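Undergrad: Hey, dropping structure30.cif in here, mmCIF, C-alpha atoms:
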data_run
#
loop_
_atom_site.label_atom_id
_atom_site.label_comp_id
_atom_site.auth_asym_id
_atom_site.auth_seq_id
_atom_site.Cartn_x
_atom_site.Cartn_y
_atom_site.Cartn_z
CA MET C 21 120.74 92.23 115.08
CA SER C 22 117.29 90.75 114.65
CA ASP C 23 116.19 87.36 115.94
CA ARG C 24 114.03 87.05 112.83
CA PRO C 25 115.44 85.20 109.78
CA THR C 26 117.36 87.03 107.06
CA LEU C 27 115.97 86.60 103.55
CA ALA C 28 117.79 87.06 100.24
CA VAL C 29 115.75 87.56 97.06
CA VAL C 30 118.00 86.56 94.15
CA GLY C 31 116.63 87.97 90.91
CA ALA C 32 114.82 90.77 92.72
CA THR C 33 114.49 93.00 89.64
CA GLY C 34 113.05 90.33 87.35
CA ALA C 35 109.37 89.76 86.58
CA VAL C 36 108.87 87.21 89.37
CA GLY C 37 111.15 89.07 91.78
CA THR C 38 109.04 92.21 91.39
CA VAL C 39 105.88 90.30 92.29
CA LEU C 40 107.65 88.61 95.20
CA LEU C 41 108.62 91.99 96.66
CA ARG C 42 105.00 93.11 96.44
CA ILE C 43 103.87 89.93 98.22
CA LEU C 44 106.51 90.39 100.93
CA SER C 45 105.15 93.89 101.47
CA GLN C 46 101.53 92.73 101.73
CA ARG C 47 101.94 89.74 104.05
CA ALA C 48 102.76 89.57 107.74
CA ASP C 49 106.33 90.71 108.23
CA ILE C 50 108.23 87.74 109.64
CA TRP C 51 111.62 88.69 108.22
CA GLY C 52 114.58 90.48 109.73
CA ASP C 53 116.84 91.81 107.00
CA ILE C 54 115.74 91.38 103.37
CA ARG C 55 118.59 91.51 100.85
CA LEU C 56 117.86 92.13 97.21
CA LEU C 57 120.37 90.58 94.81
CA ALA C 58 120.76 90.71 91.04
CA ILE C 59 123.12 89.34 88.44
CA SER C 60 125.82 91.90 87.69
CA PRO C 61 128.26 92.32 84.80
CA ASP C 62 130.85 90.60 87.02
CA SER C 63 128.64 87.61 87.92
CA HIS C 64 129.88 84.32 86.59
CA PRO C 65 128.36 82.66 84.81
CA ARG C 66 126.48 85.53 83.19
CA PRO C 67 123.52 83.85 81.48
CA SER C 68 122.01 85.19 78.29
CA GLY C 69 118.84 87.16 78.96
CA ALA C 70 120.06 87.96 82.47
CA GLU C 71 118.91 90.97 84.39
CA SER C 72 120.01 94.33 83.12
CA GLU C 73 123.34 95.68 84.27
CA ARG C 74 121.31 98.61 85.58
CA ALA C 75 119.70 96.31 88.16
CA VAL C 76 122.59 96.51 90.63
CA GLY C 77 122.37 99.74 92.60
CA ARG C 78 118.68 100.31 91.88
CA ARG C 79 116.50 101.02 94.87
CA LEU C 80 113.32 98.96 95.19
CA THR C 81 110.58 99.24 97.76
CA VAL C 82 109.89 96.30 100.04
CA ARG C 83 107.91 96.53 103.29
CA GLY C 84 107.59 100.28 102.72
CA GLU C 85 111.35 100.82 102.72
CA GLU C 86 113.72 101.46 99.85
CA VAL C 87 116.39 98.77 99.62
CA GLU C 88 119.38 98.91 97.30
CA VAL C 89 119.88 95.95 94.97
CA ALA C 90 123.32 94.41 95.54
CA ALA C 91 125.41 92.39 93.12
CA LEU C 92 125.21 88.63 93.33
CA ALA C 93 128.38 87.52 95.12
CA GLU C 94 129.32 84.71 97.50
CA ASP C 95 129.67 86.99 100.51
CA ALA C 96 126.19 88.42 99.88
CA PHE C 97 124.89 85.18 101.45
CA ASP C 98 126.80 85.53 104.71
CA GLY C 99 124.22 85.49 107.52
CA VAL C 100 121.33 84.67 105.15
CA ASP C 101 118.89 82.08 106.50
CA ILE C 102 116.73 81.63 103.39
CA ALA C 103 117.55 82.53 99.79
CA LEU C 104 114.75 82.63 97.22
CA PHE C 105 116.18 82.20 93.71
CA ASP C 106 114.41 83.27 90.55
CA VAL C 107 117.17 83.47 87.97
CA PRO C 108 117.95 81.53 84.76
CA ASP C 109 118.91 77.87 85.16
CA GLU C 110 122.64 78.34 84.54
CA ALA C 111 122.87 81.12 87.14
CA ALA C 112 120.93 79.06 89.69
CA ALA C 113 123.11 76.00 89.03
CA HIS C 114 126.19 78.07 89.85
CA TRP C 115 124.97 80.33 92.69
CA ALA C 116 122.46 78.20 94.63
CA PRO C 117 125.08 75.68 95.88
CA LEU C 118 127.34 78.59 96.88
CA ALA C 119 124.50 80.15 98.88
CA ALA C 120 123.76 76.79 100.53
CA ALA C 121 127.47 76.38 101.37
CA ARG C 122 127.27 79.74 103.19
CA GLY C 123 124.44 78.37 105.35
CA ALA C 124 121.31 79.54 103.52
CA VAL C 125 118.40 77.23 102.79
CA VAL C 126 117.86 77.81 99.08
CA VAL C 127 114.42 77.70 97.48
CA ASP C 128 115.00 77.61 93.73
CA ASN C 129 112.41 78.46 91.11
CA SER C 130 114.55 77.52 88.09
CA GLY C 131 114.72 74.14 86.42
CA ALA C 132 118.34 73.59 87.47
CA PHE C 133 117.62 71.14 90.31
CA ARG C 134 114.19 69.70 89.50
CA THR C 135 115.54 66.27 88.60
CA ASP C 136 118.36 66.13 91.17
CA PRO C 137 117.63 63.23 93.56
CA ASP C 138 119.29 65.15 96.41
CA VAL C 139 117.04 68.19 95.97
CA PRO C 140 113.41 67.77 97.05
CA LEU C 141 110.76 69.03 94.65
CA VAL C 142 108.26 70.64 97.03
CA VAL C 143 104.72 71.97 96.77
CA PRO C 144 103.78 73.07 100.30
CA GLU C 145 100.11 72.11 99.92
CA VAL C 146 101.02 68.60 98.72
CA ASN C 147 104.33 67.45 100.25
CA PRO C 148 105.62 69.98 102.79
CA HIS C 149 107.42 67.22 104.72
CA ALA C 150 109.82 66.77 101.77
CA ALA C 151 111.44 70.14 102.53
CA ARG C 152 112.93 68.72 105.74
CA ARG C 153 115.31 66.43 103.86
CA ARG C 154 117.63 68.58 101.76
CA PRO C 155 121.12 67.07 101.52
CA ARG C 156 122.35 69.86 99.26
CA GLY C 157 120.62 72.63 101.23
CA ILE C 158 118.34 73.34 98.28
CA VAL C 159 114.59 72.92 97.76
CA SER C 160 113.26 73.05 94.21
CA SER C 161 109.94 74.36 93.00
CA PRO C 162 108.07 72.71 90.12
CA HIS C 163 107.45 74.56 86.89
CA CYS C 164 104.61 77.10 86.93
CA THR C 165 102.41 74.85 84.79
CA THR C 166 102.73 72.08 87.35
CA LEU C 167 102.11 74.45 90.26
CA SER C 168 98.87 75.72 88.74
CA MET C 169 97.31 72.26 88.82
CA ILE C 170 99.17 70.15 91.36
CA VAL C 171 97.21 71.23 94.43
CA ALA C 172 93.93 70.07 92.87
CA LEU C 173 95.54 66.95 91.40
CA GLY C 174 97.19 66.16 94.75
CA ALA C 175 93.79 66.17 96.45
CA LEU C 176 92.30 64.01 93.69
CA HIS C 177 95.21 61.60 93.93
CA ALA C 178 94.87 61.34 97.72
CA GLU C 179 91.17 60.52 97.33
CA PHE C 180 91.15 58.34 94.19
CA GLY C 181 94.75 57.25 93.49
CA LEU C 182 95.39 58.79 90.07
CA ARG C 183 97.61 56.63 87.85
CA GLU C 184 97.95 58.63 84.66
CA LEU C 185 97.58 62.20 83.46
CA VAL C 186 97.59 63.47 79.88
CA LEU C 187 97.59 67.20 79.33
CA SER C 188 98.72 70.00 77.07
CA SER C 189 100.21 73.24 78.30
CA TYR C 190 100.64 76.59 76.63
CA GLN C 191 103.24 78.73 78.34
CA ALA C 192 102.73 82.32 79.39
CA VAL C 193 104.89 85.03 77.89
CA SER C 194 105.79 86.13 81.42
CA GLY C 195 108.20 83.21 81.53
CA ALA C 196 110.50 85.32 79.38
CA GLY C 197 110.54 88.08 82.01
CA HIS C 198 110.03 91.80 81.49
CA GLU C 199 111.56 91.65 77.99
CA GLY C 200 109.10 88.97 76.86
CA VAL C 201 106.11 90.95 78.16
CA GLU C 202 107.30 94.13 76.40
CA THR C 203 107.88 92.21 73.15
CA LEU C 204 104.32 90.87 73.29
CA ARG C 205 102.96 94.38 73.91
CA ARG C 206 104.83 95.71 70.86
CA GLN C 207 103.58 92.82 68.73
CA LEU C 208 99.98 93.33 69.86
CA SER C 209 100.22 97.03 69.05
CA LEU C 210 101.42 96.22 65.54
CA VAL C 211 98.65 93.71 64.96
CA ALA C 212 96.01 96.06 66.37
CA GLY C 213 97.40 98.96 64.34
CA THR C 214 97.82 101.16 67.41
CA GLU C 215 101.57 101.77 67.07
#
In structure tokens, write the structure found in this file.
TA:
Amino acid sequence: MSDRPTLAVVGATGAVGTVLLRILSQRADIWGDIRLLAISPDSHPRPSGAESERAVGRRLTVRGEEVEVAALAEDAFDGVDIALFDVPDEAAAHWAPLAAARGAVVVDNSGAFRTDPDVPLVVPEVNPHAARRRPRGIVSSPHCTTLSMIVALGALHAEFGLRELVLSSYQAVSGAGHEGVETLRRQLSLVAGTE
């Protein structure tokens, strides 16, 4: 039994989960156990575009060790201190409260809780104090477009008191996960005549 916190990565085999595992392997190791979880054929609800049924049972490398990906289930959160969620909104809406009820502090990357008044929307460089008040046990992360600019805008607001912002955003294909990236590659090959 480790005195270091246990981390669950929910959506470990997705596009963001894969990057997160690489980051966990490159940074200082502050974690005890790291559990990798994925949506399985038995997960309810099973969102469209969810991780492949082949995800459960796969072995992924994190911190130089191979770890088996387990199925998303309520008891998978027993003993988990922090659960990082990167799954579709409907899966997060169902599973994040269950993880919080088991005692995990949930950090959710979906849009499921972004407008919930009992779930703080936190950007550590701008409002880290907001993470302390989490009545539902969940902390939400803003959309990637917001994250890419909010640190700079937060500093400008602190200095000058911004009152209005007008912008346009063009979303990255990576938001559709591995399938979206592969679809773009196929389309580019067709356009370039290399397929």
Undergrad: Please enumerate the residues selected by the PyMOL selection byres ((chain C and resi 122-127) around 9) when evaluated against the supplied file, formatted as a list in words.
TA: Leu27, Ala28, Glu94, Asp95, Phe97, Asp98, Gly99, Val100, Asp101, Ile102, Ala103, Leu104, Phe105, Asp106, Ala116, Pro117, Leu118, Ala119, Ala120, Ala121, Asp128, Asn129, Arg154, Gly157, Ile158, Val159, Ser160 and Ser161 of chain C
Undergrad: With C-alpha atoms retained, could you export that selection as a PDB file, keeping the file's coordinate frame?
TA:
ATOM      1  CA  LEU C  27     115.970  86.600 103.550  1.00  0.00           C
ATOM      2  CA  ALA C  28     117.790  87.060 100.240  1.00  0.00           C
ATOM      3  CA  GLU C  94     129.320  84.710  97.500  1.00  0.00           C
ATOM      4  CA  ASP C  95     129.670  86.990 100.510  1.00  0.00           C
ATOM      5  CA  PHE C  97     124.890  85.180 101.450  1.00  0.00           C
ATOM      6  CA  ASP C  98     126.800  85.530 104.710  1.00  0.00           C
ATOM      7  CA  GLY C  99     124.220  85.490 107.520  1.00  0.00           C
ATOM      8  CA  VAL C 100     121.330  84.670 105.150  1.00  0.00           C
ATOM      9  CA  ASP C 101     118.890  82.080 106.500  1.00  0.00           C
ATOM     10  CA  ILE C 102     116.730  81.630 103.390  1.00  0.00           C
ATOM     11  CA  ALA C 103     117.550  82.530  99.790  1.00  0.00           C
ATOM     12  CA  LEU C 104     114.750  82.630  97.220  1.00  0.00           C
ATOM     13  CA  PHE C 105     116.180  82.200  93.710  1.00  0.00           C
ATOM     14  CA  ASP C 106     114.410  83.270  90.550  1.00  0.00           C
ATOM     15  CA  ALA C 116     122.460  78.200  94.630  1.00  0.00           C
ATOM     16  CA  PRO C 117     125.080  75.680  95.880  1.00  0.00           C
ATOM     17  CA  LEU C 118     127.340  78.590  96.880  1.00  0.00           C
ATOM     18  CA  ALA C 119     124.500  80.150  98.880  1.00  0.00           C
ATOM     19  CA  ALA C 120     123.760  76.790 100.530  1.00  0.00           C
ATOM     20  CA  ALA C 121     127.470  76.380 101.370  1.00  0.00           C
ATOM     21  CA  ASP C 128     115.000  77.610  93.730  1.00  0.00           C
ATOM     22  CA  ASN C 129     112.410  78.460  91.110  1.00  0.00           C
ATOM     23  CA  ARG C 154     117.630  68.580 101.760  1.00  0.00           C
ATOM     24  CA  GLY C 157     120.620  72.630 101.230  1.00  0.00           C
ATOM     25  CA  ILE C 158     118.340  73.340  98.280  1.00  0.00           C
ATOM     26  CA  VAL C 159     114.590  72.920  97.760  1.00  0.00           C
ATOM     27  CA  SER C 160     113.260  73.050  94.210  1.00  0.00           C
ATOM     28  CA  SER C 161     109.940  74.360  93.000  1.00  0.00           C
TER      29      SER C 161
END
Undergrad: Please evaluate the PyMOL selection byres ((chain C and resi 91) around 6) against the displayed coordinates and give the resulting residues as a PyMOL selection string.
TA: chain C and resi 57-58+60+76+90+92
Undergrad: Take the PyMOL selection byres ((chain C and resi 22) around 9), apply it to the structure above, and return the hits as a PyMOL selection string.
TA: chain C and resi 21+23-26+51-53
Undergrad: Select, from C:Pro148, C:Pro137, C:Gly131, C:Gly197, the residue with the minimum atom-to-atom distance to Thr33 in chain C, counting only C-alpha atoms.
TA: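 For Thr33 in chain C, the nearest of the given residues is C:Gly197.
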Undergrad: For a cutoff of 12 Å around the file-coordinate point (109.9, 91.8, 91.5), which residues qualify once you count only C-alpha atoms? I'd like the result as JSON, numbers by chain.
TA: {"C": [29, 30, 31, 32, 33, 34, 35, 36, 37, 38, 39, 40, 41, 42, 43, 44, 45, 56, 57, 58, 71, 75, 79, 80, 81, 82, 89, 104, 105, 106, 107, 197, 198]}
Undergrad: If we count only C-alpha atoms, what is near Leu173 in chain C at a cut-off of 10 Å, once residues fewer than 5 positions away on the same chain are taken out, given as JSON, numbers by chain?
TA: {"C": [146, 166, 168, 178, 179, 181, 182, 185]}
Undergrad: How far is it from CA of Asp62 in chain C to CA of Arg156 in chain C, in Å with one decimal?
TA: 25.5 Å
Undergrad: Using Å and a single decimal, report how far CA of Cys164 in chain C sits from CA of Glu145 in chain C.
TA: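 Value for the CA of Glu145 in chain C-CA of Cys164 in chain C distance: 14.6 Å.
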Undergrad: Using all atoms listed in the file, which residues sit within 8 Å of Asp109 in chain C once same-chain residues fewer than 4 positions away are excluded, as a ChimeraX atom specification?
TA: /C:113,130-132
Undergrad: Within 8 Å of (97.7, 72.5, 80.9) (coordinates as in the file), grab all the protein and nucleic acid residues, counting all atoms listed in the file, and write them out as JSON, numbers by chain.
TA: {"C": [165, 169, 187, 188, 189, 190]}
Undergrad: When you look at Pro155 in chain C with a cut-off of 10 Å (counting all atoms listed in the file), what residues show up, excluding the ones that are within fewer than 5 positions of it in the same chain? I need them as a list in words.
TA: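 Listed by chain and then number, they are Pro137, Asp138, Val139 and Pro140 of chain C.
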Undergrad: In Å, how far is it from CA of Glu86 in chain C to CA of Ala48 in chain C?
TA: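 These atoms are spaced 18.0 Å apart.
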